[in-house]
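Asks: Contents are compact mmCIF, C-alpha atoms; file name structure_16.txt:
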```
# COMPACT_ATOMS: atom_id res chain seq x y z
CA MET O 1 -62.82 56.36 -228.17
CA TRP O 2 -59.28 57.17 -229.25
CA ARG O 3 -60.46 59.86 -231.60
CA GLY O 4 -63.35 61.43 -229.73
CA ASP O 5 -62.91 63.64 -226.70
CA PHE O 6 -64.63 63.40 -223.38
CA SER O 7 -67.63 65.59 -224.16
CA ILE O 8 -68.49 63.76 -227.39
CA ILE O 9 -68.71 60.49 -225.52
CA GLU O 10 -70.61 62.02 -222.64
CA ASN O 11 -73.11 64.14 -224.57
CA GLY O 12 -73.60 61.65 -227.39
CA THR O 13 -74.59 58.75 -225.21
CA SER O 14 -76.70 60.86 -222.87
CA ILE O 15 -78.79 62.38 -225.65
CA LEU O 16 -79.30 58.98 -227.24
CA GLY O 17 -80.12 57.66 -223.78
CA LEU O 18 -83.30 59.76 -223.77
CA VAL O 19 -84.81 56.98 -225.86
CA ALA O 20 -85.18 55.05 -222.60
CA LEU O 21 -88.01 57.45 -221.77
CA CYS O 22 -90.18 55.38 -224.12
CA PHE O 23 -90.72 53.09 -221.15
CA LEU O 24 -92.31 55.96 -219.22
CA ILE O 25 -94.61 56.69 -222.16
CA ALA O 26 -95.43 53.01 -222.33
CA ALA O 27 -96.31 53.04 -218.65
CA PHE O 28 -98.89 55.73 -219.37
CA LYS O 29 -100.23 54.10 -222.53
CA LEU O 30 -100.74 50.78 -220.81
CA GLY O 31 -102.84 52.44 -218.14
CA THR O 32 -100.80 51.79 -215.04
CA PRO O 33 -102.91 51.78 -211.88
CA TRP O 34 -100.87 54.64 -210.37
CA GLY O 35 -102.65 54.56 -207.04
CA GLN O 36 -101.97 50.90 -206.52
CA ALA O 37 -98.39 51.29 -207.68
CA ALA O 38 -97.75 54.12 -205.23
CA GLU O 39 -99.26 52.06 -202.46
CA GLU O 40 -96.91 49.19 -203.26
CA VAL O 41 -93.95 51.56 -203.13
CA VAL O 42 -94.80 52.71 -199.62
CA LEU O 43 -95.97 49.34 -198.35
CA PRO O 44 -94.36 46.64 -200.49
CA SER O 45 -96.10 43.32 -200.30
CA ILE O 46 -94.53 40.07 -201.28
CA SER O 47 -97.04 38.16 -203.31
CA GLY O 48 -97.24 35.88 -206.28
CA SER O 49 -94.71 33.24 -207.07
CA GLY O 50 -91.55 35.07 -206.04
CA SER O 51 -89.81 34.10 -202.81
CA PRO O 52 -88.63 36.80 -200.38
CA ALA O 53 -85.09 36.05 -201.54
CA GLU O 54 -85.93 37.11 -205.07
CA TYR O 55 -87.40 40.40 -203.90
CA PHE O 56 -84.38 41.09 -201.68
CA ASN O 57 -82.19 40.27 -204.65
CA ILE O 58 -83.98 42.73 -206.87
CA ALA O 59 -83.84 45.48 -204.25
CA ALA O 60 -80.13 44.89 -203.63
CA SER O 61 -79.30 44.82 -207.31
CA ILE O 62 -81.26 48.02 -208.04
CA LEU O 63 -79.37 49.82 -205.27
CA GLY O 64 -76.10 48.33 -206.48
CA ALA O 65 -76.81 49.41 -210.03
CA ILE O 66 -77.86 52.96 -209.14
CA ILE O 67 -74.95 53.71 -206.83
CA SER O 68 -72.36 51.78 -208.81
CA PRO O 69 -68.95 52.79 -207.51
CA TYR O 70 -67.68 53.16 -211.07
CA LEU O 71 -70.07 56.10 -211.46
CA LEU O 72 -68.32 57.93 -208.63
CA PHE O 73 -64.95 57.46 -210.30
CA PHE O 74 -66.26 58.31 -213.75
CA TYR O 75 -68.09 61.40 -212.60
CA SER O 76 -65.17 62.76 -210.61
CA SER O 77 -62.79 62.02 -213.48
CA GLY O 78 -65.16 63.87 -215.78
CA SER O 79 -65.00 66.92 -213.53
CA GLN O 80 -61.22 66.83 -213.85
CA GLU O 81 -61.39 66.37 -217.61
CA GLU O 82 -63.69 69.33 -218.09
CA ARG O 83 -61.80 71.42 -215.52
CA TRP O 84 -64.75 72.32 -213.39
CA THR O 85 -64.41 75.22 -211.04
CA ARG O 86 -66.06 76.32 -207.85
CA LYS O 87 -68.69 78.19 -209.88
CA MET O 88 -70.01 74.94 -211.28
CA ILE O 89 -70.95 73.36 -207.98
CA ARG O 90 -74.52 74.65 -208.09
CA SER O 91 -75.27 73.68 -211.68
CA ASN O 92 -73.57 70.39 -211.00
CA ARG O 93 -75.97 69.65 -208.15
CA ILE O 94 -78.85 70.19 -210.55
CA ILE O 95 -77.24 68.01 -213.23
CA ALA O 96 -76.65 65.20 -210.77
CA THR O 97 -80.19 65.37 -209.42
CA VAL O 98 -81.81 65.50 -212.86
CA GLY O 99 -79.52 62.75 -214.17
CA MET O 100 -80.13 60.37 -211.30
CA GLY O 101 -83.83 61.26 -211.39
CA PHE O 102 -83.99 60.45 -215.08
CA GLY O 103 -82.32 57.09 -214.54
CA SER O 104 -84.61 56.26 -211.66
CA ILE O 105 -87.73 57.25 -213.61
CA ALA O 106 -86.65 55.05 -216.51
CA ALA O 107 -86.00 52.14 -214.14
CA ILE O 108 -89.31 52.59 -212.32
CA SER O 109 -91.12 52.79 -215.68
CA ILE O 110 -89.58 49.52 -216.81
CA ILE O 111 -90.72 47.81 -213.61
CA LEU O 112 -94.23 49.31 -213.94
CA VAL O 113 -94.55 48.36 -217.59
CA SER O 114 -93.41 44.85 -216.75
CA ALA O 115 -95.97 44.51 -214.01
CA VAL O 116 -98.87 45.95 -216.00
CA ALA O 117 -98.24 44.15 -219.27
CA LEU O 118 -97.00 40.81 -218.08
CA LYS O 119 -98.81 39.97 -214.91
CA PRO O 120 -102.10 39.26 -216.68
CA LEU O 121 -100.22 37.03 -219.11
CA GLY O 122 -98.50 35.17 -216.30
CA VAL O 123 -95.10 35.73 -217.88
CA GLN O 124 -92.12 35.91 -215.56
CA THR O 125 -89.26 38.18 -216.54
CA GLU O 126 -86.18 36.04 -216.58
CA GLN O 127 -84.49 37.33 -219.67
CA LEU O 128 -83.84 40.73 -221.09
CA GLN O 129 -85.75 39.89 -224.26
CA THR O 130 -89.05 39.44 -222.45
CA VAL O 131 -88.87 43.07 -221.31
CA GLY O 132 -89.26 43.98 -224.97
CA LEU O 133 -92.61 42.22 -225.16
CA ARG O 134 -94.22 45.01 -223.16
CA LEU O 135 -93.09 47.73 -225.48
CA ILE O 136 -94.70 45.86 -228.35
CA GLU O 137 -97.90 45.83 -226.39
CA ALA O 138 -97.75 49.60 -225.96
CA PHE O 139 -96.41 50.69 -229.35
CA GLY O 140 -96.96 47.84 -231.77
CA ILE O 141 -94.09 47.11 -234.16
CA TRP O 142 -92.38 50.38 -233.17
CA GLY O 143 -91.93 48.83 -229.76
CA VAL O 144 -89.42 46.41 -231.25
CA TYR O 145 -87.29 49.20 -232.69
CA LEU O 146 -87.58 51.31 -229.56
CA PHE O 147 -86.59 48.40 -227.41
CA ALA O 148 -83.61 47.55 -229.60
CA ALA O 149 -82.50 51.20 -229.59
CA THR O 150 -82.87 51.52 -225.82
CA LEU O 151 -80.95 48.33 -225.24
CA PHE O 152 -78.16 49.31 -227.61
CA VAL O 153 -77.73 52.87 -226.38
CA THR O 154 -77.86 52.06 -222.69
CA CYS O 155 -75.51 49.09 -223.03
CA PHE O 156 -73.16 51.08 -225.27
CA GLY O 157 -73.14 54.01 -222.86
CA ALA O 158 -72.48 51.81 -219.85
CA ALA O 159 -69.76 49.87 -221.65
CA THR O 160 -67.87 52.99 -222.74
CA GLU O 161 -68.15 54.49 -219.28
CA ILE O 162 -66.96 51.36 -217.52
CA ALA O 163 -64.03 50.86 -219.90
CA LEU O 164 -62.95 54.48 -219.45
CA THR O 165 -63.44 54.25 -215.69
CA LEU O 166 -61.00 51.37 -215.55
CA SER O 167 -58.45 53.48 -217.41
CA TYR O 168 -59.06 56.39 -215.03
CA GLU O 169 -58.78 54.23 -211.95
CA VAL O 170 -55.53 52.51 -212.86
CA THR O 171 -53.78 55.69 -214.01
CA GLN O 172 -55.02 57.75 -211.07
CA ILE O 173 -54.05 55.15 -208.50
CA MET O 174 -50.59 54.82 -210.02
CA GLY O 175 -50.31 58.57 -210.56
CA TRP O 176 -49.78 58.29 -214.32
CA LYS O 177 -50.92 60.71 -217.00
CA TYR O 178 -54.55 60.38 -218.03
CA GLY O 179 -57.07 62.18 -220.16
CA GLU O 180 -59.63 61.30 -222.79
CA ASP O 181 -58.94 64.62 -224.54
CA ARG O 182 -55.24 63.84 -225.00
CA LYS O 183 -53.79 62.15 -228.04
CA PRO O 184 -53.18 58.46 -227.31
CA ARG O 185 -49.42 58.86 -227.32
CA ASN O 186 -49.61 61.64 -224.72
CA ALA O 187 -51.37 59.34 -222.28
CA ALA O 188 -50.17 55.96 -223.45
CA ILE O 189 -51.10 53.75 -220.51
CA PHE O 190 -54.53 55.35 -220.25
CA ASN O 191 -55.21 54.69 -223.92
CA LEU O 192 -53.92 51.15 -223.65
CA ILE O 193 -56.05 49.96 -220.75
CA PHE O 194 -59.56 50.48 -222.12
CA PRO O 195 -59.05 48.76 -225.50
CA LEU O 196 -57.43 45.82 -223.72
CA TYR O 197 -60.37 45.69 -221.31
CA ILE O 198 -62.94 45.81 -224.11
CA ILE O 199 -61.17 43.11 -226.11
CA GLY O 200 -60.55 40.99 -223.02
CA SER O 201 -64.08 41.11 -221.66
CA THR O 202 -65.62 40.52 -225.08
CA LEU O 203 -63.48 37.43 -225.52
CA LEU O 204 -64.30 36.26 -222.02
CA MET O 205 -68.05 36.63 -222.55
CA GLY O 206 -67.92 35.07 -225.99
CA LEU O 207 -65.78 32.11 -225.08
CA SER O 208 -67.25 31.28 -221.68
CA GLY O 209 -70.89 31.44 -222.76
CA ILE O 210 -72.04 33.02 -219.48
CA ASP O 211 -75.56 34.45 -219.56
CA PRO O 212 -74.87 38.23 -219.53
CA VAL O 213 -78.08 39.09 -217.69
CA GLN O 214 -77.42 36.54 -214.95
CA LEU O 215 -73.88 37.86 -214.61
CA THR O 216 -75.15 41.45 -214.38
CA VAL O 217 -77.60 40.54 -211.63
CA TYR O 218 -74.89 38.84 -209.59
CA ALA O 219 -72.50 41.72 -210.25
CA THR O 220 -74.94 44.37 -209.06
CA ILE O 221 -75.70 42.42 -205.86
CA PHE O 222 -71.98 42.04 -205.26
CA THR O 223 -71.56 45.77 -205.91
CA ALA O 224 -74.10 46.56 -203.21
CA LEU O 225 -72.14 44.31 -200.86
CA ILE O 226 -68.80 46.04 -201.36
CA LEU O 227 -70.40 49.50 -201.51
CA PRO O 228 -69.41 50.48 -197.95
CA VAL O 229 -65.76 49.69 -198.65
CA VAL O 230 -65.74 51.73 -201.84
CA VAL O 231 -67.81 54.67 -200.66
CA MET O 232 -66.16 55.20 -197.26
CA PRO O 233 -62.96 56.70 -198.73
CA PHE O 234 -65.13 59.03 -200.81
CA LEU O 235 -66.98 60.02 -197.67
CA ALA O 236 -63.65 60.70 -195.97
CA VAL O 237 -62.50 62.96 -198.80
CA MET O 238 -65.86 64.72 -198.89
CA ASN O 239 -65.26 65.71 -195.28
CA ASP O 240 -61.59 66.60 -195.63
CA PRO O 241 -60.99 70.37 -195.62
CA MET O 242 -57.50 69.81 -197.05
CA TYR O 243 -59.12 68.88 -200.37
CA LEU O 244 -62.48 70.60 -200.25
CA LYS O 245 -61.75 73.66 -198.09
CA ASP O 246 -65.16 75.12 -197.18
CA GLN O 247 -67.16 72.80 -199.44
CA THR O 248 -67.12 69.76 -197.17
CA ASN O 249 -70.23 67.66 -196.72
CA HIS O 250 -73.14 68.74 -194.59
CA TRP O 251 -74.20 66.30 -191.86
CA LEU O 252 -77.45 65.66 -193.73
CA ALA O 253 -75.63 64.48 -196.85
CA ASN O 254 -73.32 62.35 -194.73
CA SER O 255 -76.22 60.63 -193.00
CA ALA O 256 -78.00 60.04 -196.31
CA VAL O 257 -74.91 58.39 -197.80
CA LEU O 258 -74.38 56.27 -194.70
CA LEU O 259 -78.03 55.21 -194.63
CA ILE O 260 -78.01 54.12 -198.27
CA ILE O 261 -74.80 52.13 -198.06
CA VAL O 262 -75.91 50.41 -194.86
CA LEU O 263 -79.24 49.57 -196.50
CA ALA O 264 -77.53 48.23 -199.63
CA PHE O 265 -75.09 46.21 -197.54
CA ILE O 266 -77.82 44.62 -195.41
CA LEU O 267 -79.95 43.81 -198.46
CA SER O 268 -77.09 42.19 -200.33
CA ILE O 269 -75.63 40.30 -197.40
CA THR O 270 -79.04 38.77 -196.70
CA SER O 271 -79.88 38.11 -200.33
CA ILE O 272 -76.67 36.29 -201.26
CA PRO O 273 -77.13 33.32 -198.90
CA LEU O 274 -80.84 33.25 -199.75
CA THR O 275 -80.00 33.12 -203.46
CA ILE O 276 -77.63 30.24 -202.92
CA ILE O 277 -80.20 28.34 -200.84
CA THR O 278 -82.98 28.85 -203.35
CA GLY O 279 -80.65 28.18 -206.24
CA GLY O 280 -80.88 31.62 -207.89
CA MET U 1 -40.05 75.51 -198.92
CA LYS U 2 -40.46 76.48 -195.29
CA LYS U 3 -43.36 74.58 -193.85
CA GLU U 4 -43.85 71.56 -191.70
CA LEU U 5 -44.21 68.37 -193.72
CA LEU U 6 -45.19 65.00 -192.34
CA LEU U 7 -43.62 62.12 -194.24
CA MET U 8 -46.70 59.92 -194.43
CA ARG U 9 -49.30 62.68 -194.70
CA ASP U 10 -47.57 64.91 -197.23
CA LEU U 11 -45.10 62.78 -199.17
CA VAL U 12 -45.59 59.02 -199.27
CA ASP U 13 -48.23 57.88 -201.82
CA LYS U 14 -48.77 61.44 -202.99
CA GLN U 15 -48.99 62.50 -206.62
CA LEU U 16 -45.68 63.60 -208.13
CA MET U 17 -46.09 66.48 -210.60
CA ASP U 18 -43.37 67.83 -212.87
CA SER U 19 -42.55 71.46 -213.61
CA GLN U 20 -45.13 71.50 -216.44
CA GLY U 21 -47.90 70.24 -214.18
CA GLU U 22 -47.84 66.77 -215.76
CA ARG U 23 -48.45 63.72 -213.64
CA ILE U 24 -45.38 61.51 -213.27
CA THR U 25 -46.29 58.80 -210.77
CA LYS U 26 -46.77 58.48 -207.03
CA VAL U 27 -44.13 58.66 -204.33
CA ALA U 28 -43.40 55.12 -203.10
CA GLY U 29 -41.10 55.97 -200.22
CA VAL U 30 -38.52 58.33 -198.77
CA GLU U 31 -34.86 57.86 -198.01
CA ALA U 32 -33.41 59.65 -195.01
CA GLU U 33 -29.81 60.00 -193.99
CA PRO U 34 -29.03 59.45 -190.30
CA ARG U 35 -26.97 62.20 -188.69
CA GLU U 36 -24.83 62.22 -185.58
CA GLY U 37 -26.62 64.00 -182.76
CA ALA U 38 -29.39 65.38 -185.00
CA ARG U 39 -32.61 64.27 -186.61
CA PRO U 40 -32.24 62.27 -189.85
CA VAL U 41 -32.62 64.37 -192.97
CA VAL U 42 -34.61 63.35 -196.08
CA ARG U 43 -32.36 63.28 -199.15
CA THR U 44 -34.48 61.54 -201.80
CA LEU U 45 -37.98 60.39 -202.64
CA LEU U 46 -38.24 56.84 -203.99
CA VAL U 47 -40.35 55.84 -206.97
CA GLY U 48 -40.95 52.50 -208.67
CA PRO U 49 -42.12 48.92 -208.02
CA GLU U 50 -39.14 47.99 -205.82
CA PRO U 51 -39.77 50.51 -203.00
CA LEU U 52 -43.50 49.71 -203.21
CA ALA U 53 -42.84 45.99 -202.84
CA ARG U 54 -40.44 46.57 -199.93
CA ARG U 55 -43.28 48.21 -198.02
CA ILE U 56 -45.22 44.95 -198.13
CA GLY U 57 -42.27 43.10 -196.64
CA PRO U 58 -38.56 42.40 -197.13
CA ARG U 59 -39.22 39.11 -198.93
CA VAL U 60 -41.66 40.66 -201.39
CA GLY U 61 -39.15 43.46 -201.87
CA ARG U 62 -36.35 41.04 -202.71
CA LEU U 63 -38.64 39.14 -205.09
CA MET U 64 -39.51 42.36 -206.94
CA GLU U 65 -35.83 43.34 -207.11
CA ARG U 66 -35.11 39.95 -208.65
CA ILE U 67 -37.87 40.46 -211.25
CA THR U 68 -36.86 43.97 -212.28
CA GLY U 69 -33.16 43.60 -211.63
CA GLY U 70 -33.46 46.72 -209.49
CA ARG U 71 -33.63 48.83 -212.63
CA ARG U 72 -37.03 50.43 -212.03
CA GLU U 73 -36.20 52.11 -208.76
CA VAL U 74 -35.78 55.82 -209.27
CA ARG U 75 -34.50 58.41 -206.80
CA ILE U 76 -36.00 61.89 -206.86
CA ARG U 77 -33.55 64.35 -205.34
CA TRP U 78 -34.93 66.55 -202.59
CA GLU U 79 -33.55 69.65 -204.34
CA TRP U 80 -36.09 69.03 -207.09
CA VAL U 81 -39.04 69.24 -204.70
CA GLU U 82 -40.65 72.63 -204.97
CA ASP U 83 -43.79 72.16 -202.90
CA ALA U 84 -45.70 69.37 -201.18
CA GLY U 85 -49.27 68.78 -200.00
CA PRO U 86 -51.56 67.41 -201.32
CA ASN U 87 -49.40 66.98 -204.48
CA VAL U 88 -45.61 66.88 -204.58
CA LYS U 89 -44.47 69.42 -207.17
CA LEU U 90 -41.04 69.24 -208.76
CA ASN U 91 -39.06 72.02 -210.45
CA VAL U 92 -37.82 69.76 -213.25
CA PRO U 93 -39.63 68.23 -216.26
CA ALA U 94 -40.77 64.61 -216.02
CA SER U 95 -38.22 63.46 -218.60
CA ALA U 96 -35.36 64.62 -216.35
CA THR U 97 -36.45 62.44 -213.45
CA GLY U 98 -36.18 59.09 -215.21
CA ALA U 99 -39.44 58.06 -213.51
CA THR U 100 -41.56 57.79 -216.66
CA HIS U 101 -40.56 54.28 -217.59
CA ALA U 102 -44.04 52.68 -217.66
CA GLU U 103 -45.55 55.50 -219.72
CA ASP U 104 -42.58 55.51 -222.16
CA TRP U 105 -42.76 51.76 -222.57
CA ALA U 106 -46.50 51.78 -223.35
CA ARG U 107 -46.04 54.61 -225.85
CA GLU U 108 -42.98 53.31 -227.68
CA LYS U 109 -43.69 49.59 -227.69
CA ILE U 110 -47.43 49.60 -228.30
CA ILE U 111 -49.25 52.88 -228.96
CA ASP U 112 -46.83 54.22 -231.59
CA ARG U 113 -47.11 50.98 -233.54
CA ILE U 114 -50.88 51.25 -233.89
CA PRO U 115 -51.92 53.29 -236.95
CA GLY U 116 -53.86 56.44 -236.18
CA SER U 117 -52.56 56.91 -232.66
CA GLY U 118 -50.73 60.20 -233.34
```
Here is a file; write its structure as structure tokens.
Replies:
Amino acid sequence: MWRGDFSIIENGTSILGLVALCFLIAAFKLGTPWGQAAEEVVLPSISGSGSPAEYFNIAASILGAIISPYLLFFYSSGSQEERWTRKMIRSNRIIATVGMGFGSIAAISIILVSAVALKPLGVQTEQLQTVGLRLIEAFGIWGVYLFAATLFVTCFGAATEIALTLSYEVTQIMGWKYGEDRKPRNAAIFNLIFPLYIIGSTLLMGLSGIDPVQLTVYATIFTALILPVVVMPFLAVMNDPMYLKDQTNHWLANSAVLLIIVLAFILSITSIPLTIITGG
Amino acid sequence: MKKELLLMRDLVDKQLMDSQGERITKVAGVEAEPREGARPVVRTLLVGPEPLARRIGPRVGRLMERITGGRREVRIRWEWVEDAGPNVKLNVPASATGATHAEDWAREKIIDRIPGSG
């Protein structure tokens, strides 16, 4: 990360990330009952062994994971790094839509594949490893490799992005120099924060022995909870003509953002006490 | 610079840029000189942990001054300010302001000692 520039990190991980599409292919190969699945999306029913708290949890954590605040910081920092101009607004809308769409399709596929492959077996997904079982069912031994690759690339991509985001946030808040394209000594604090963060968090995870998946689930629910606090300043800037001149938000976009953060907040604030009562 | 500036909207907490367009740090406060029979006039912008801490409260400010020995507080002369809003642009390079302490420290004490950082 010291050597590479911004676009290497961005393009490299996103191309490799396409491997996650194997879950979509698996969803087709396993013969997902699409009609039934669509019906469940529109009219979700709580059935089986899960308590309502667990379903609320999942919904809150999916929302928290999709609209992670770090993405907003990373994306806007990226636009600064690559010196976007007014001309790029249109193509950027397409990129954002396709990108978020791709992520959502991959996530939906994983859920579908889980449901189709595991429900008959009566297996509950509690660990990341069990997700891999379904790919084996769809692809045979190649499923193992695909699963390992997906896991590695997506985790690697997220880890680099989060580490860089932390560097961006600290330097931008303090007003210091930043830039992934600069030599480390030309943006010293920026290039100091992310290695320290990577080393620190690795040590913390290794020494404390926390279950990473459990931690992620709690973190995403917590993210959904604090989403309003983090997104409101963004919303303020998006409506501030001093920064955006004539490109301020349309009322439709404003309402959509408000609706999603309110939804995420309600889901997480109800799911946290429920989780504690039911004991996770 | 002939335009109306509001201290809190256009100066305090705004990004300080040097004459090369490099980020220096953010403005922590302003210092104004009271005048007899006229409005006070802003002479300097303040930068550093001490003025930041003083905004939380006088006790926190004194504590920070004890920690740093008051050495990290830097005054940016108003004559250096070229333009303001949303960023505060100076007409001098960052090195002339003395406000790059944190960045210099990280570069000299740590980054330069790691091989391959050039």
Asks: Could you name the residues that touch Glu22 of chain U at 8 Å or less, counting all atoms listed in the file, but leaving out those on the same chain fewer than 4 positions away, as a PyMOL selection string?
Replies: (chain O and resi 177) or (chain U and resi 17-18+94)
Asks: How about saving the chosen residues, C-alpha atoms kept, as a compact mmCIF listing (two decimals), in the frame of the given file?
Replies:
```
# COMPACT_ATOMS: atom_id res chain seq x y z
CA LYS O 177 -50.92 60.71 -217.00
CA MET U 17 -46.09 66.48 -210.60
CA ASP U 18 -43.37 67.83 -212.87
CA ALA U 94 -40.77 64.61 -216.02
```
Asks: For a cutoff of 6 Å around the file-coordinate point (-41.6, 54.3, -203.5), which residues qualify once you count all atoms listed in the file? I'd like the result as a list in words.
Replies: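 Final list of nearby residues, as requested, is Val27, Ala28, Gly29, Leu46, Val47, Gly48, Pro51 and Leu52 of chain U.
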Asks: From the set O:Trp176, O:Phe28, O:Tyr218, O:Phe265, which residue has the shortest atom-to-atom contact distance to Ala102 of chain U, counting all atoms listed in the file?
Replies: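 Distance minimum relative to Ala102 of chain U lands on O:Trp176.
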Asks: Tell me as a ChimeraX atom specification which residues belonging to chain U come within 8 Å of chain O, counting all atoms listed in the file.
Replies: /U:15-16,22-26,86,102-104,106-107,111-112,117-118
Asks: Can I get the selection written as a PDB file, in the coordinates of the input, with C-alpha atoms?
Replies:
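Result written to selection05.pdb:
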```
ATOM      1  CA  GLN U  15     -48.990  62.500-206.620  1.00  0.00           C
ATOM      2  CA  LEU U  16     -45.680  63.600-208.130  1.00  0.00           C
ATOM      3  CA  GLU U  22     -47.840  66.770-215.760  1.00  0.00           C
ATOM      4  CA  ARG U  23     -48.450  63.720-213.640  1.00  0.00           C
ATOM      5  CA  ILE U  24     -45.380  61.510-213.270  1.00  0.00           C
ATOM      6  CA  THR U  25     -46.290  58.800-210.770  1.00  0.00           C
ATOM      7  CA  LYS U  26     -46.770  58.480-207.030  1.00  0.00           C
ATOM      8  CA  PRO U  86     -51.560  67.410-201.320  1.00  0.00           C
ATOM      9  CA  ALA U 102     -44.040  52.680-217.660  1.00  0.00           C
ATOM     10  CA  GLU U 103     -45.550  55.500-219.720  1.00  0.00           C
ATOM     11  CA  ASP U 104     -42.580  55.510-222.160  1.00  0.00           C
ATOM     12  CA  ALA U 106     -46.500  51.780-223.350  1.00  0.00           C
ATOM     13  CA  ARG U 107     -46.040  54.610-225.850  1.00  0.00           C
ATOM     14  CA  ILE U 111     -49.250  52.880-228.960  1.00  0.00           C
ATOM     15  CA  ASP U 112     -46.830  54.220-231.590  1.00  0.00           C
ATOM     16  CA  SER U 117     -52.560  56.910-232.660  1.00  0.00           C
ATOM     17  CA  GLY U 118     -50.730  60.200-233.340  1.00  0.00           C
TER      18      GLY U 118
END
```
Asks: When distances are computed from only C-alpha atoms, which of O:Ser68, O:Thr85, O:Ser61, O:Ser79 shows the smallest separation from Ser7 of chain O?
Replies: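 Of all the options, O:Ser79 lies closest to Ser7 of chain O.
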Asks: Which centre and edge lengths in Å to one decimal define the box along x, y and z that fits every listed atom of segment 31-46 of chain U plus 8 Å per side, as lines of an AutoDock Vina configuration file?
Replies:
```
center_x = -31.5
center_y = 61.1
center_z = -193.4
size_x = 29.4
size_y = 24.5
size_z = 37.2
```
Asks: Enumerate, as a ChimeraX atom specification, the protein, DNA and RNA residues whose atoms approach (-47.0, 69.6, -198.1) to within 10 Å, taking into account all atoms listed in the file and the coordinate frame of the file.
Replies: /U:1-7,9-11,14,82-89
Asks: Smallest atom-to-atom distance to Ala26 of chain O: which of O:Gly64, O:Gly103, O:Gly140, O:Gly12, using all atoms listed in the file?
Replies: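 Among the listed residues, the smallest separation from Ala26 of chain O belongs to O:Gly140.
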Asks: Which one of O:Phe156, O:Ala96, O:Val257, O:Ile221 sits closest to Met238 of chain O if you count all atoms listed in the file?
Replies: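 Between O:Phe156, O:Ala96, O:Val257, O:Ile221, the residue approaching Met238 of chain O most closely is O:Val257.
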Asks: Hey, can you check how far atom CA of Leu112 of chain O sits from atom CA of Phe152 of chain O?
Replies: 21.1 Å
Asks: Would you pick out the contacts of Ala159 of chain O at 12 Å or less, using only C-alpha atoms, so that residues sharing its chain but fewer than 5 positions from it are not included, and give the list as number ranges by chain?
Replies: O: 1, 9, 13, 70-71, 151-154, 164-166, 194-195, 197-199, 201-202
Asks: What does the distance between atom CA of Ala60 of chain O and atom CA of Pro212 of chain O come to in Å, to one decimal place?
Replies: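 Separating atom CA of Ala60 of chain O from atom CA of Pro212 of chain O is a distance of 18.0 Å.
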Asks: Take atom CA of Ala20 of chain O and atom CA of Ala106 of chain O and report the distance between them in Å, one decimal.
Replies: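 Interatomic distance, atom CA of Ala20 of chain O to atom CA of Ala106 of chain O: 6.3 Å.
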Asks: Identify, on the basis of all atoms listed in the file, every residue whose closest approach to segment 36-44 of chain U does not exceed 10 Å; exclude the query and any residue fewer than 2 positions from it along the same chain; express the result as a ChimeraX atom specification.
Replies: /U:7,29-34,46-47,74-81
Asks: Pick out the residues sitting within 12 Å of Phe222 of chain O, and hand them over as an MDAnalysis selection string; count all atoms listed in the file, and ignore anything fewer than 3 positions along from it in its own chain.
Replies: chainID O and resid 57 60:65 68:69 215:219 225:229 264:273
Asks: Go ahead and dump the residues you just picked, C-alpha atoms, as a PDB file, keeping the file's coordinate frame.
Replies:
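Contents of selection_29.pdb, as written:
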```pdb
ATOM      1  CA  ASN O  57     -82.190  40.270-204.650  1.00  0.00           C
ATOM      2  CA  ALA O  60     -80.130  44.890-203.630  1.00  0.00           C
ATOM      3  CA  SER O  61     -79.300  44.820-207.310  1.00  0.00           C
ATOM      4  CA  ILE O  62     -81.260  48.020-208.040  1.00  0.00           C
ATOM      5  CA  LEU O  63     -79.370  49.820-205.270  1.00  0.00           C
ATOM      6  CA  GLY O  64     -76.100  48.330-206.480  1.00  0.00           C
ATOM      7  CA  ALA O  65     -76.810  49.410-210.030  1.00  0.00           C
ATOM      8  CA  SER O  68     -72.360  51.780-208.810  1.00  0.00           C
ATOM      9  CA  PRO O  69     -68.950  52.790-207.510  1.00  0.00           C
ATOM     10  CA  LEU O 215     -73.880  37.860-214.610  1.00  0.00           C
ATOM     11  CA  THR O 216     -75.150  41.450-214.380  1.00  0.00           C
ATOM     12  CA  VAL O 217     -77.600  40.540-211.630  1.00  0.00           C
ATOM     13  CA  TYR O 218     -74.890  38.840-209.590  1.00  0.00           C
ATOM     14  CA  ALA O 219     -72.500  41.720-210.250  1.00  0.00           C
ATOM     15  CA  LEU O 225     -72.140  44.310-200.860  1.00  0.00           C
ATOM     16  CA  ILE O 226     -68.800  46.040-201.360  1.00  0.00           C
ATOM     17  CA  LEU O 227     -70.400  49.500-201.510  1.00  0.00           C
ATOM     18  CA  PRO O 228     -69.410  50.480-197.950  1.00  0.00           C
ATOM     19  CA  VAL O 229     -65.760  49.690-198.650  1.00  0.00           C
ATOM     20  CA  ALA O 264     -77.530  48.230-199.630  1.00  0.00           C
ATOM     21  CA  PHE O 265     -75.090  46.210-197.540  1.00  0.00           C
ATOM     22  CA  ILE O 266     -77.820  44.620-195.410  1.00  0.00           C
ATOM     23  CA  LEU O 267     -79.950  43.810-198.460  1.00  0.00           C
ATOM     24  CA  SER O 268     -77.090  42.190-200.330  1.00  0.00           C
ATOM     25  CA  ILE O 269     -75.630  40.300-197.400  1.00  0.00           C
ATOM     26  CA  THR O 270     -79.040  38.770-196.700  1.00  0.00           C
ATOM     27  CA  SER O 271     -79.880  38.110-200.330  1.00  0.00           C
ATOM     28  CA  ILE O 272     -76.670  36.290-201.260  1.00  0.00           C
ATOM     29  CA  PRO O 273     -77.130  33.320-198.900  1.00  0.00           C
TER      30      PRO O 273
END
```
